[in-house]
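Asker: First, the structure itself, so that you have it in front of you.
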Amino acid sequence: MQENLTVDSVNAVQQQAVQLATDENLNLIQLLMKGGWIMIPIVFLLFLALVIFFERYITIRKASRSDSGLLSQIKSNVMSGRLDAAIAVCRSSNSALARMLQKGLARVGRPIKDIEGAIENAGKLEVSKLEKNINILGIVAGIAPMLGFVGTIFGVIQIFRDVEMAGGIDIGSVSGGLYVKMIASASGLTVGILAYIGYHVLNMMVERLILRMETDSVEFIDLLDEPGV
């Protein structure tokens with residue numbers, strides 16, 4: 001009997017905990033809804049920023065995977081005079097560096113300046129692919145706080161309207177406008193800060209990758225510039 005009471009008590013506590021968590025979630029959603037219609041574009045910007053950040057993060061991470069043996073294989077094949085084998089190594093490696101070096105290998109025999117130009121142009125194309133849509137995060141970082149400020153203005157307008165309709169100032173006449181004002185401002189700033197952080201994180205990742213690509217490209221050019229190659 002005592003064991004049954006204990007089990008029932010535990011179940012009751014668990015149900016209360018679940019109910020409290022549900023109420024908290026509902027209260028948070030209801031609180032955000034009090035921000036008014038301005039919350040719709042702010043939530044959309046949040047969703048857009050998250051989609052772009054994670055998509056670009058995964059893409060840049062894949063491109064950043066270092067092919068430790070790529071440059072050494074190309075070196076050995078070039079030193080042996082097997083350009084076709086070196087190009088085949090580049091084709092088998094699906095990376096930005098491999099595509100850059102393949103452009104240079106395809107122009108071996110021409111002046112070094114031509115090879116450098118081909119690698120540089122290929123590198124610019126690869127960088128533009130990596131930076132695709134990153135600037136949208138910067139736009140979101142600027143627009144979201146502005147939308148929050150617009151919500152603040154509408155909140156103030158609502159406060160004055162409610163005060164005028166109530167014929168005086170009281171908590172009831174200003175609380176609705178304060179909800180719109182504070183929630184919209186906080187949401188817009190939060191989305192803007194997150195987008196700003198994501199924008200700079202992705203740019204830092206791209207810059208590190210560019211530096212590594214440039215280093216390997218210079219090493220490749222030095223290899224071709226050696227006597228006897």
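Chain lettering (A, B, ...) mirrors the order of the structure tokens, residue numbering begins at 1 for each chain separately, and ligand numbering begins at 1 in order of display.
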Can you list, as a ChimeraX atom specification, every residue of range 64-214 of chain A that DSSP puts in alpha helix (DSSP H)?
Answerer: /A:64,70-79,83-92,96-105,112-130,134-166,171-214
Asker: Go through A:Ile42, A:Ile52, A:Ala141, A:Met79 one by one, measure the shortest atom-to-atom distance of each to Ile197 in chain A using only C-alpha atoms, and give the residue with the smallest value.
Answerer: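 The shortest atom-to-atom distance to Ile197 in chain A comes from A:Ala141.
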Asker: Give me the residues of range 32-63 of chain A that have any atom at most 12 Å from an atom of range 96-112 of chain A; for each, the nearest atom pair and the distance in Å, rounded to one decimal. Use only C-alpha atoms, sort by chain and number, and format it as CSV.
Answerer:
residue,atom,partner,partner_atom,distance
A:Thr59,CA,A:Ala96,CA,11.4
A:Ile60,CA,A:Ala96,CA,10.3
A:Arg61,CA,A:Ala96,CA,11.8
A:Lys62,CA,A:Ala96,CA,9.9
A:Ala63,CA,A:Ala96,CA,6.5
Asker: Set the distance at 9 Å and use only C-alpha atoms: which residues neighbour range 137-139 of chain A once local chain neighbours fewer than 3 positions away are removed? I'd like the list as a ChimeraX atom specification.
Answerer: /A:48-49,52-53,133-134,142-144,192,195-196,198-200
Asker: Take the residues from that selection and put them in a file with N, CA and C atoms, as a tab-separated table (two decimals), in the first residue's frame.
Answerer:
chain	number	residue	atom	x	y	z
A	48	LEU	N	15.97	33.22	-41.03
A	48	LEU	CA	16.85	33.40	-42.18
A	48	LEU	C	18.31	33.38	-41.76
A	49	ALA	N	18.62	34.08	-40.67
A	49	ALA	CA	20.01	34.14	-40.19
A	49	ALA	C	20.50	32.76	-39.76
A	52	ILE	N	21.12	30.53	-42.95
A	52	ILE	CA	22.33	30.93	-43.67
A	52	ILE	C	23.58	30.58	-42.88
A	53	PHE	N	23.56	30.83	-41.57
A	53	PHE	CA	24.76	30.56	-40.76
A	53	PHE	C	25.13	29.09	-40.79
A	133	ASN	N	26.14	34.53	-49.70
A	133	ASN	CA	25.06	34.80	-48.73
A	133	ASN	C	25.56	35.23	-47.35
A	134	ILE	N	26.87	35.29	-47.13
A	134	ILE	CA	27.34	35.72	-45.81
A	134	ILE	C	26.96	37.18	-45.55
A	142	GLY	N	21.85	44.58	-39.27
A	142	GLY	CA	21.49	45.99	-39.29
A	142	GLY	C	19.99	46.23	-39.27
A	143	ILE	N	19.23	45.34	-39.92
A	143	ILE	CA	17.78	45.57	-40.04
A	143	ILE	C	17.03	45.19	-38.77
A	144	ALA	N	17.41	44.08	-38.13
A	144	ALA	CA	16.65	43.59	-36.97
A	144	ALA	C	16.54	44.62	-35.85
A	192	GLY	N	19.72	40.87	-33.98
A	192	GLY	CA	20.82	41.62	-34.58
A	192	GLY	C	22.17	41.19	-34.04
A	195	ALA	N	23.06	37.68	-35.43
A	195	ALA	CA	23.46	37.76	-36.83
A	195	ALA	C	24.84	38.40	-36.97
A	196	TYR	N	25.12	39.40	-36.14
A	196	TYR	CA	26.43	40.08	-36.17
A	196	TYR	C	27.55	39.11	-35.80
A	198	GLY	N	27.42	35.76	-35.97
A	198	GLY	CA	27.52	34.76	-37.02
A	198	GLY	C	28.25	35.29	-38.25
A	199	TYR	N	28.00	36.54	-38.60
A	199	TYR	CA	28.66	37.16	-39.76
A	199	TYR	C	30.17	37.18	-39.59
A	200	HIS	N	30.63	37.60	-38.41
A	200	HIS	CA	32.07	37.69	-38.19
A	200	HIS	C	32.72	36.32	-37.99
Asker: What gap, in Å, lies between CA of Met39 in chain A and CA of Lys132 in chain A?
Answerer: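 A separation of 27.2 Å between them.
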Asker: Report, in Å with one decimal, the straight-line distance from CA of Val43 in chain A to CA of Leu130 in chain A.
Answerer: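 About the pair CA of Val43 in chain A and CA of Leu130 in chain A: they are 26.0 Å apart.
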